[in-house]
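Novice: File follows, start.cif with mmCIF, all heavy atoms:
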data_query
loop_
_atom_site.label_atom_id
_atom_site.label_comp_id
_atom_site.auth_asym_id
_atom_site.auth_seq_id
_atom_site.Cartn_x
_atom_site.Cartn_y
_atom_site.Cartn_z
N MET A 1 2.74 -1.05 -2.70
CA MET A 1 4.03 -1.43 -2.22
C MET A 1 4.70 -0.21 -1.62
O MET A 1 4.65 0.86 -2.21
CB MET A 1 4.93 -1.87 -3.37
CG MET A 1 4.49 -2.98 -4.22
SD MET A 1 5.66 -3.21 -5.56
CE MET A 1 4.73 -2.42 -6.83
N GLU A 2 5.30 -0.38 -0.50
CA GLU A 2 6.08 0.71 0.08
C GLU A 2 7.48 0.64 -0.50
O GLU A 2 8.13 -0.40 -0.47
CB GLU A 2 6.11 0.60 1.60
CG GLU A 2 4.74 0.86 2.21
CD GLU A 2 4.78 0.99 3.70
OE1 GLU A 2 5.85 1.32 4.25
OE2 GLU A 2 3.74 0.77 4.33
N LEU A 3 7.93 1.77 -1.08
CA LEU A 3 9.22 1.81 -1.74
C LEU A 3 10.30 2.48 -0.89
O LEU A 3 11.47 2.46 -1.23
CB LEU A 3 9.10 2.58 -3.07
CG LEU A 3 8.05 2.03 -4.03
CD1 LEU A 3 7.93 2.94 -5.23
CD2 LEU A 3 8.39 0.62 -4.45
N GLY A 4 9.91 3.11 0.21
CA GLY A 4 10.85 3.84 1.05
C GLY A 4 10.88 5.30 0.68
O GLY A 4 10.33 5.72 -0.33
N ASN A 5 11.48 6.11 1.52
CA ASN A 5 11.58 7.56 1.30
C ASN A 5 10.23 8.20 1.06
O ASN A 5 10.11 9.13 0.27
CB ASN A 5 12.53 7.88 0.14
CG ASN A 5 13.95 7.49 0.43
OD1 ASN A 5 14.40 7.57 1.58
ND2 ASN A 5 14.65 7.02 -0.56
N GLY A 6 9.18 7.72 1.72
CA GLY A 6 7.85 8.30 1.58
C GLY A 6 7.15 7.98 0.28
O GLY A 6 6.18 8.63 -0.06
N LEU A 7 7.61 6.98 -0.45
CA LEU A 7 6.98 6.62 -1.72
C LEU A 7 6.22 5.31 -1.59
O LEU A 7 6.71 4.35 -1.01
CB LEU A 7 8.03 6.48 -2.82
CG LEU A 7 8.80 7.74 -3.19
CD1 LEU A 7 9.86 7.42 -4.23
CD2 LEU A 7 7.85 8.80 -3.72
N VAL A 8 5.01 5.32 -2.14
CA VAL A 8 4.15 4.14 -2.16
C VAL A 8 3.63 4.00 -3.58
O VAL A 8 3.16 4.95 -4.17
CB VAL A 8 2.98 4.28 -1.16
CG1 VAL A 8 2.05 3.10 -1.26
CG2 VAL A 8 3.51 4.43 0.25
N ALA A 9 3.71 2.80 -4.13
CA ALA A 9 3.21 2.56 -5.48
C ALA A 9 2.07 1.56 -5.44
O ALA A 9 2.01 0.70 -4.57
CB ALA A 9 4.33 2.03 -6.38
N LYS A 10 1.16 1.71 -6.39
CA LYS A 10 0.10 0.73 -6.58
C LYS A 10 0.37 0.05 -7.92
O LYS A 10 1.12 0.56 -8.74
CB LYS A 10 -1.26 1.41 -6.62
CG LYS A 10 -1.67 2.02 -5.30
CD LYS A 10 -3.05 2.61 -5.38
CE LYS A 10 -3.45 3.26 -4.07
NZ LYS A 10 -4.81 3.80 -4.12
N GLY A 11 -0.25 -1.07 -8.12
CA GLY A 11 -0.06 -1.75 -9.38
C GLY A 11 -0.89 -3.01 -9.45
O GLY A 11 -1.73 -3.26 -8.58
N GLU A 12 -0.65 -3.77 -10.47
CA GLU A 12 -1.33 -5.04 -10.65
C GLU A 12 -0.30 -6.15 -10.60
O GLU A 12 0.84 -5.95 -11.01
CB GLU A 12 -2.05 -5.06 -12.00
CG GLU A 12 -3.13 -4.01 -12.10
CD GLU A 12 -3.78 -3.98 -13.47
OE1 GLU A 12 -3.46 -4.85 -14.30
OE2 GLU A 12 -4.60 -3.09 -13.69
N ALA A 13 -0.72 -7.30 -10.08
CA ALA A 13 0.22 -8.42 -9.96
C ALA A 13 -0.49 -9.74 -10.19
O ALA A 13 -1.66 -9.88 -9.86
CB ALA A 13 0.88 -8.42 -8.59
N ASN A 14 0.23 -10.66 -10.75
CA ASN A 14 -0.22 -12.04 -10.88
C ASN A 14 0.89 -12.88 -10.26
O ASN A 14 1.88 -13.19 -10.92
CB ASN A 14 -0.45 -12.42 -12.33
CG ASN A 14 -0.94 -13.85 -12.48
OD1 ASN A 14 -0.97 -14.60 -11.52
ND2 ASN A 14 -1.31 -14.22 -13.68
N PHE A 15 0.72 -13.22 -9.00
CA PHE A 15 1.76 -13.94 -8.28
C PHE A 15 1.85 -15.41 -8.67
O PHE A 15 2.81 -16.08 -8.31
CB PHE A 15 1.55 -13.80 -6.77
CG PHE A 15 1.72 -12.39 -6.29
CD1 PHE A 15 0.62 -11.62 -5.94
CD2 PHE A 15 2.98 -11.83 -6.20
CE1 PHE A 15 0.78 -10.31 -5.50
CE2 PHE A 15 3.15 -10.52 -5.77
CZ PHE A 15 2.04 -9.76 -5.43
N LEU A 16 0.87 -15.90 -9.40
CA LEU A 16 0.87 -17.30 -9.80
C LEU A 16 1.26 -17.50 -11.26
O LEU A 16 1.19 -18.60 -11.79
CB LEU A 16 -0.51 -17.92 -9.55
CG LEU A 16 -1.02 -17.83 -8.11
CD1 LEU A 16 -2.41 -18.42 -8.00
CD2 LEU A 16 -0.06 -18.52 -7.16
N ALA A 17 1.69 -16.43 -11.93
CA ALA A 17 2.06 -16.52 -13.34
C ALA A 17 3.34 -17.34 -13.52
O ALA A 17 4.30 -17.16 -12.80
CB ALA A 17 2.28 -15.13 -13.92
N PRO A 18 3.31 -18.27 -14.49
CA PRO A 18 4.54 -19.02 -14.75
C PRO A 18 5.45 -18.21 -15.68
O PRO A 18 4.95 -17.44 -16.48
CB PRO A 18 4.04 -20.28 -15.45
CG PRO A 18 2.71 -19.91 -16.03
CD PRO A 18 2.17 -18.80 -15.21
N PRO A 19 6.70 -18.29 -15.61
CA PRO A 19 7.50 -19.08 -14.68
C PRO A 19 7.79 -18.32 -13.39
O PRO A 19 8.37 -18.87 -12.47
CB PRO A 19 8.79 -19.32 -15.46
CG PRO A 19 8.98 -18.07 -16.26
CD PRO A 19 7.55 -17.67 -16.65
N ALA A 20 7.36 -17.04 -13.33
CA ALA A 20 7.62 -16.23 -12.13
C ALA A 20 6.51 -15.20 -12.00
O ALA A 20 5.82 -14.88 -12.98
CB ALA A 20 8.98 -15.54 -12.25
N PRO A 21 6.32 -14.65 -10.81
CA PRO A 21 5.29 -13.62 -10.63
C PRO A 21 5.52 -12.44 -11.56
O PRO A 21 6.65 -12.08 -11.87
CB PRO A 21 5.47 -13.20 -9.17
CG PRO A 21 6.13 -14.35 -8.51
CD PRO A 21 7.01 -14.96 -9.56
N GLN A 22 4.40 -11.84 -12.01
CA GLN A 22 4.45 -10.65 -12.85
C GLN A 22 3.87 -9.49 -12.06
O GLN A 22 2.73 -9.57 -11.59
CB GLN A 22 3.66 -10.86 -14.13
CG GLN A 22 4.21 -11.95 -15.01
CD GLN A 22 3.31 -12.25 -16.19
OE1 GLN A 22 2.19 -11.77 -16.28
NE2 GLN A 22 3.83 -13.02 -17.12
N VAL A 23 4.64 -8.43 -11.90
CA VAL A 23 4.20 -7.26 -11.15
C VAL A 23 4.38 -6.03 -12.04
O VAL A 23 5.45 -5.83 -12.62
CB VAL A 23 5.02 -7.09 -9.84
CG1 VAL A 23 4.55 -5.86 -9.08
CG2 VAL A 23 4.89 -8.34 -8.98
N ASN A 24 3.32 -5.23 -12.16
CA ASN A 24 3.34 -4.03 -12.98
C ASN A 24 3.00 -2.82 -12.12
O ASN A 24 1.84 -2.41 -12.02
CB ASN A 24 2.34 -4.15 -14.14
CG ASN A 24 2.66 -5.33 -15.03
OD1 ASN A 24 3.78 -5.49 -15.46
ND2 ASN A 24 1.67 -6.17 -15.27
N PRO A 25 4.00 -2.23 -11.44
CA PRO A 25 3.72 -1.07 -10.59
C PRO A 25 3.46 0.18 -11.42
O PRO A 25 3.89 0.30 -12.57
CB PRO A 25 4.99 -0.92 -9.76
CG PRO A 25 6.06 -1.52 -10.61
CD PRO A 25 5.41 -2.61 -11.42
N ARG A 26 2.74 1.11 -10.82
CA ARG A 26 2.48 2.42 -11.43
C ARG A 26 3.42 3.44 -10.80
O ARG A 26 4.00 3.20 -9.75
CB ARG A 26 1.04 2.82 -11.21
CG ARG A 26 0.06 1.87 -11.86
CD ARG A 26 -1.36 2.41 -11.75
NE ARG A 26 -2.28 1.38 -12.16
CZ ARG A 26 -3.24 0.88 -11.40
NH1 ARG A 26 -3.42 1.35 -10.19
NH2 ARG A 26 -4.02 -0.06 -11.84
N GLU A 27 3.52 4.59 -11.42
CA GLU A 27 4.35 5.67 -10.89
C GLU A 27 3.86 6.04 -9.49
O GLU A 27 2.66 6.14 -9.26
CB GLU A 27 4.26 6.89 -11.82
CG GLU A 27 5.30 7.94 -11.58
CD GLU A 27 6.70 7.47 -11.89
OE1 GLU A 27 6.87 6.59 -12.75
OE2 GLU A 27 7.64 7.98 -11.25
N PRO A 28 4.78 6.24 -8.53
CA PRO A 28 4.37 6.47 -7.13
C PRO A 28 4.13 7.95 -6.79
O PRO A 28 5.04 8.64 -6.35
CB PRO A 28 5.54 5.92 -6.33
CG PRO A 28 6.72 6.12 -7.23
CD PRO A 28 6.20 5.97 -8.62
N PRO A 29 2.90 8.48 -6.97
CA PRO A 29 2.65 9.86 -6.58
C PRO A 29 2.60 10.01 -5.05
O PRO A 29 2.35 9.03 -4.33
CB PRO A 29 1.29 10.19 -7.19
CG PRO A 29 0.62 8.87 -7.34
CD PRO A 29 1.72 7.86 -7.55
N VAL A 30 2.79 11.22 -4.58
CA VAL A 30 2.78 11.50 -3.14
C VAL A 30 1.42 11.15 -2.52
O VAL A 30 1.35 10.71 -1.38
CB VAL A 30 3.12 12.98 -2.89
CG1 VAL A 30 2.99 13.34 -1.42
CG2 VAL A 30 4.52 13.28 -3.39
N ALA A 31 0.35 11.27 -3.29
CA ALA A 31 -0.98 10.98 -2.76
C ALA A 31 -1.10 9.53 -2.29
O ALA A 31 -1.80 9.25 -1.32
CB ALA A 31 -2.05 11.26 -3.81
N TYR A 32 -0.42 8.60 -2.94
CA TYR A 32 -0.47 7.21 -2.51
C TYR A 32 0.12 7.06 -1.11
O TYR A 32 -0.35 6.26 -0.32
CB TYR A 32 0.28 6.30 -3.47
CG TYR A 32 -0.40 6.05 -4.80
CD1 TYR A 32 0.26 5.38 -5.79
CD2 TYR A 32 -1.68 6.49 -5.06
CE1 TYR A 32 -0.34 5.13 -7.02
CE2 TYR A 32 -2.29 6.26 -6.27
CZ TYR A 32 -1.62 5.57 -7.26
OH TYR A 32 -2.20 5.32 -8.46
N HIS A 33 1.17 7.82 -0.81
CA HIS A 33 1.77 7.74 0.52
C HIS A 33 0.76 8.22 1.57
O HIS A 33 0.59 7.59 2.61
CB HIS A 33 3.05 8.57 0.57
CG HIS A 33 3.72 8.56 1.91
ND1 HIS A 33 4.26 7.40 2.46
CD2 HIS A 33 3.92 9.52 2.82
CE1 HIS A 33 4.77 7.68 3.64
NE2 HIS A 33 4.57 8.96 3.89
N ARG A 34 0.09 9.33 1.28
CA ARG A 34 -0.93 9.84 2.21
C ARG A 34 -2.06 8.82 2.38
O ARG A 34 -2.53 8.59 3.49
CB ARG A 34 -1.48 11.18 1.72
CG ARG A 34 -0.49 12.32 1.85
CD ARG A 34 -1.17 13.66 1.63
NE ARG A 34 -1.78 13.74 0.30
CZ ARG A 34 -1.21 14.29 -0.75
NH1 ARG A 34 -0.01 14.80 -0.66
NH2 ARG A 34 -1.85 14.33 -1.91
N ASP A 35 -2.49 8.21 1.27
CA ASP A 35 -3.54 7.19 1.35
C ASP A 35 -3.10 6.01 2.21
O ASP A 35 -3.88 5.48 3.00
CB ASP A 35 -3.91 6.67 -0.04
CG ASP A 35 -4.63 7.70 -0.90
OD1 ASP A 35 -5.05 8.74 -0.36
OD2 ASP A 35 -4.74 7.46 -2.11
N ASN A 36 -1.86 5.59 2.04
CA ASN A 36 -1.32 4.46 2.80
C ASN A 36 -1.26 4.78 4.29
O ASN A 36 -1.61 3.95 5.13
CB ASN A 36 0.05 4.09 2.27
CG ASN A 36 0.58 2.81 2.87
OD1 ASN A 36 -0.11 1.80 2.88
ND2 ASN A 36 1.80 2.84 3.36
N GLU A 37 -0.82 6.00 4.62
CA GLU A 37 -0.78 6.40 6.03
C GLU A 37 -2.18 6.43 6.63
O GLU A 37 -2.40 5.99 7.75
CB GLU A 37 -0.12 7.77 6.17
CG GLU A 37 1.38 7.73 5.95
CD GLU A 37 2.00 9.09 6.14
OE1 GLU A 37 1.35 10.12 5.82
OE2 GLU A 37 3.15 9.13 6.61
N GLN A 38 -3.16 6.97 5.86
CA GLN A 38 -4.53 7.03 6.36
C GLN A 38 -5.11 5.64 6.54
O GLN A 38 -5.79 5.37 7.53
CB GLN A 38 -5.42 7.84 5.41
CG GLN A 38 -6.84 8.03 5.93
CD GLN A 38 -6.88 8.79 7.25
OE1 GLN A 38 -6.27 9.85 7.38
NE2 GLN A 38 -7.57 8.25 8.24
N GLN A 39 -4.81 4.74 5.64
CA GLN A 39 -5.28 3.37 5.77
C GLN A 39 -4.73 2.74 7.04
O GLN A 39 -5.44 2.03 7.76
CB GLN A 39 -4.87 2.55 4.56
CG GLN A 39 -5.38 1.13 4.61
CD GLN A 39 -4.96 0.31 3.40
OE1 GLN A 39 -4.15 0.74 2.59
NE2 GLN A 39 -5.49 -0.87 3.28
N GLY A 40 -3.48 3.01 7.35
CA GLY A 40 -2.88 2.50 8.59
C GLY A 40 -3.57 3.06 9.82
O GLY A 40 -3.88 2.32 10.76
N ARG A 41 -3.86 4.37 9.81
CA ARG A 41 -4.56 4.99 10.95
C ARG A 41 -5.97 4.40 11.10
O ARG A 41 -6.43 4.12 12.21
CB ARG A 41 -4.62 6.50 10.78
CG ARG A 41 -3.30 7.20 11.03
CD ARG A 41 -3.46 8.70 11.10
NE ARG A 41 -3.83 9.26 9.81
CZ ARG A 41 -2.98 9.66 8.88
NH1 ARG A 41 -1.68 9.55 9.09
NH2 ARG A 41 -3.41 10.17 7.74
N ASP A 42 -6.66 4.22 9.95
CA ASP A 42 -8.01 3.66 10.00
C ASP A 42 -8.00 2.24 10.55
O ASP A 42 -8.86 1.86 11.34
CB ASP A 42 -8.64 3.65 8.60
CG ASP A 42 -8.92 5.05 8.07
OD1 ASP A 42 -8.90 6.02 8.86
OD2 ASP A 42 -9.16 5.17 6.85
N TRP A 43 -7.02 1.44 10.15
CA TRP A 43 -6.91 0.06 10.62
C TRP A 43 -6.68 0.04 12.13
O TRP A 43 -7.31 -0.72 12.85
CB TRP A 43 -5.77 -0.65 9.88
CG TRP A 43 -5.69 -2.10 10.19
CD1 TRP A 43 -6.32 -3.11 9.54
CD2 TRP A 43 -4.95 -2.72 11.25
NE1 TRP A 43 -6.02 -4.33 10.10
CE2 TRP A 43 -5.17 -4.11 11.17
CE3 TRP A 43 -4.12 -2.25 12.25
CZ2 TRP A 43 -4.59 -5.00 12.06
CZ3 TRP A 43 -3.55 -3.14 13.14
CH2 TRP A 43 -3.79 -4.51 13.03
N LEU A 44 -5.77 0.89 12.59
CA LEU A 44 -5.48 0.95 14.03
C LEU A 44 -6.70 1.39 14.82
O LEU A 44 -7.00 0.85 15.88
CB LEU A 44 -4.30 1.88 14.30
CG LEU A 44 -2.94 1.39 13.80
CD1 LEU A 44 -1.90 2.49 13.97
CD2 LEU A 44 -2.51 0.13 14.50
N ALA A 45 -7.43 2.38 14.29
CA ALA A 45 -8.64 2.87 14.98
C ALA A 45 -9.70 1.77 15.03
O ALA A 45 -10.40 1.62 16.04
CB ALA A 45 -9.18 4.10 14.27
N ARG A 46 -9.82 1.01 13.95
CA ARG A 46 -10.82 -0.07 13.91
C ARG A 46 -10.57 -1.09 15.01
O ARG A 46 -11.50 -1.64 15.59
CB ARG A 46 -10.76 -0.74 12.56
CG ARG A 46 -11.73 -1.88 12.42
CD ARG A 46 -11.66 -2.50 11.06
NE ARG A 46 -12.58 -3.62 10.99
CZ ARG A 46 -12.66 -4.44 9.98
NH1 ARG A 46 -11.88 -4.28 8.94
NH2 ARG A 46 -13.51 -5.43 10.00
N TRP A 47 -9.33 -1.35 15.31
CA TRP A 47 -8.98 -2.37 16.31
C TRP A 47 -8.61 -1.74 17.65
O TRP A 47 -8.08 -2.40 18.52
CB TRP A 47 -7.83 -3.24 15.79
CG TRP A 47 -8.28 -4.02 14.60
CD1 TRP A 47 -8.02 -3.73 13.29
CD2 TRP A 47 -9.08 -5.19 14.60
NE1 TRP A 47 -8.61 -4.65 12.47
CE2 TRP A 47 -9.28 -5.57 13.26
CE3 TRP A 47 -9.68 -5.95 15.60
CZ2 TRP A 47 -10.03 -6.68 12.89
CZ3 TRP A 47 -10.42 -7.07 15.22
CH2 TRP A 47 -10.60 -7.41 13.89
N ASN A 48 -8.92 -0.44 17.81
CA ASN A 48 -8.66 0.27 19.07
C ASN A 48 -7.20 0.17 19.51
O ASN A 48 -6.91 -0.04 20.69
CB ASN A 48 -9.57 -0.23 20.18
CG ASN A 48 -11.03 0.07 19.91
OD1 ASN A 48 -11.36 1.16 19.44
ND2 ASN A 48 -11.90 -0.88 20.18
N ILE A 49 -6.32 0.32 18.56
CA ILE A 49 -4.89 0.28 18.84
C ILE A 49 -4.37 1.71 18.73
O ILE A 49 -4.60 2.39 17.74
CB ILE A 49 -4.14 -0.63 17.85
CG1 ILE A 49 -4.67 -2.06 17.97
CG2 ILE A 49 -2.64 -0.57 18.08
CD1 ILE A 49 -4.16 -3.00 16.90
N ARG A 50 -3.66 2.15 19.74
CA ARG A 50 -3.10 3.50 19.72
C ARG A 50 -1.69 3.46 19.17
O ARG A 50 -0.90 2.61 19.53
CB ARG A 50 -3.09 4.10 21.11
CG ARG A 50 -4.47 4.26 21.67
CD ARG A 50 -4.44 4.86 23.03
NE ARG A 50 -5.79 4.86 23.58
CZ ARG A 50 -6.08 5.23 24.78
NH1 ARG A 50 -5.15 5.63 25.59
NH2 ARG A 50 -7.32 5.21 25.19
N SER A 51 -1.41 4.41 18.27
CA SER A 51 -0.04 4.46 17.73
C SER A 51 0.76 5.55 18.38
O SER A 51 0.28 6.40 19.06
CB SER A 51 -0.08 4.69 16.23
OG SER A 51 -0.76 5.87 15.92
#
Give the structure from the file, written as structure tokens.

Specialist:
Amino acid sequence: MELGNGLVAKGEANFLAPPAPQVNPREPPVAYHRDNEQQGRDWLARWNIRS
């Protein structure tokens, strides 16, 4: 999840849990933000999209 201000968190979720979705995020280290940016660059490169 992107939290803003350069923070990205990972976690586990069960979106079908009754009575409401359950989301358990982890602490957002800076490395997750770098990973998220790299994933975006990789996705764009895969589809030949220039950013």

Novice: Need the shell around Val8 in chain A: protein/DNA/RNA residues with any atom at most 6 Å away, counting only C-alpha atoms. Skip same-chain ones fewer than 5 positions apart. Format as number ranges by chain?

Specialist: A: 1-3, 28, 32-33

Novice: So how many Å separate CA of Val30 in chain A and CA of Gly11 in chain A, to one decimal?

Specialist: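 Separation of CA of Val30 in chain A and CA of Gly11 in chain A: 14.9 Å.
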
Novice: Enumerate, as a PyMOL selection string, the complete set of residues in chain A that a backbone-based DSSP assignment places in alpha helix (DSSP H).

Specialist: chain A and resi 30-46

Novice: Extract the full set of strand (DSSP E or B) residues from chain A according to DSSP on the backbone, and format it as a count of residues only.

Specialist: 13

Novice: Evaluating the PyMOL selection byres ((chain A and resi 13) around 4.5) on the displayed file yields which residues, as a list in words?

Specialist: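 Output from the PyMOL selection byres ((chain A and resi 13) around 4.5), applied to this file: Gly11, Glu12, Asn14, Phe15, Gln22 and Val23 of chain A.
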
Novice: What is the distance, in Å and to one decimal place, between CD of Pro25 in chain A and atom C of Lys10 in chain A?

Specialist: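 That distance, rounded to one decimal, is 6.7 Å.
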
Novice: Quote the spacing between CA of Arg26 in chain A and CA of Ala9 in chain A in Å to one decimal place.

Specialist: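 That distance, rounded to one decimal, is 6.0 Å.
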
Novice: Could you check which of A:Pro29, A:Asn24, A:Trp47, A:Glu37 is closest to Leu7 in chain A, using all atoms listed in the file?

Specialist: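 So, comparing all the options, the nearest one is A:Pro29.
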
Novice: Please, what is the axis-aligned box for every listed atom of range 17-31 of chain A with 4 Å on each side, as centre and edge lengths in Å to one decimal, as AutoDock Vina command-line options?

Specialist:
--center_x 2.5 --center_y -3.5 --center_z -9.2 --size_x 21.0 --size_y 41.6 --size_z 23.8
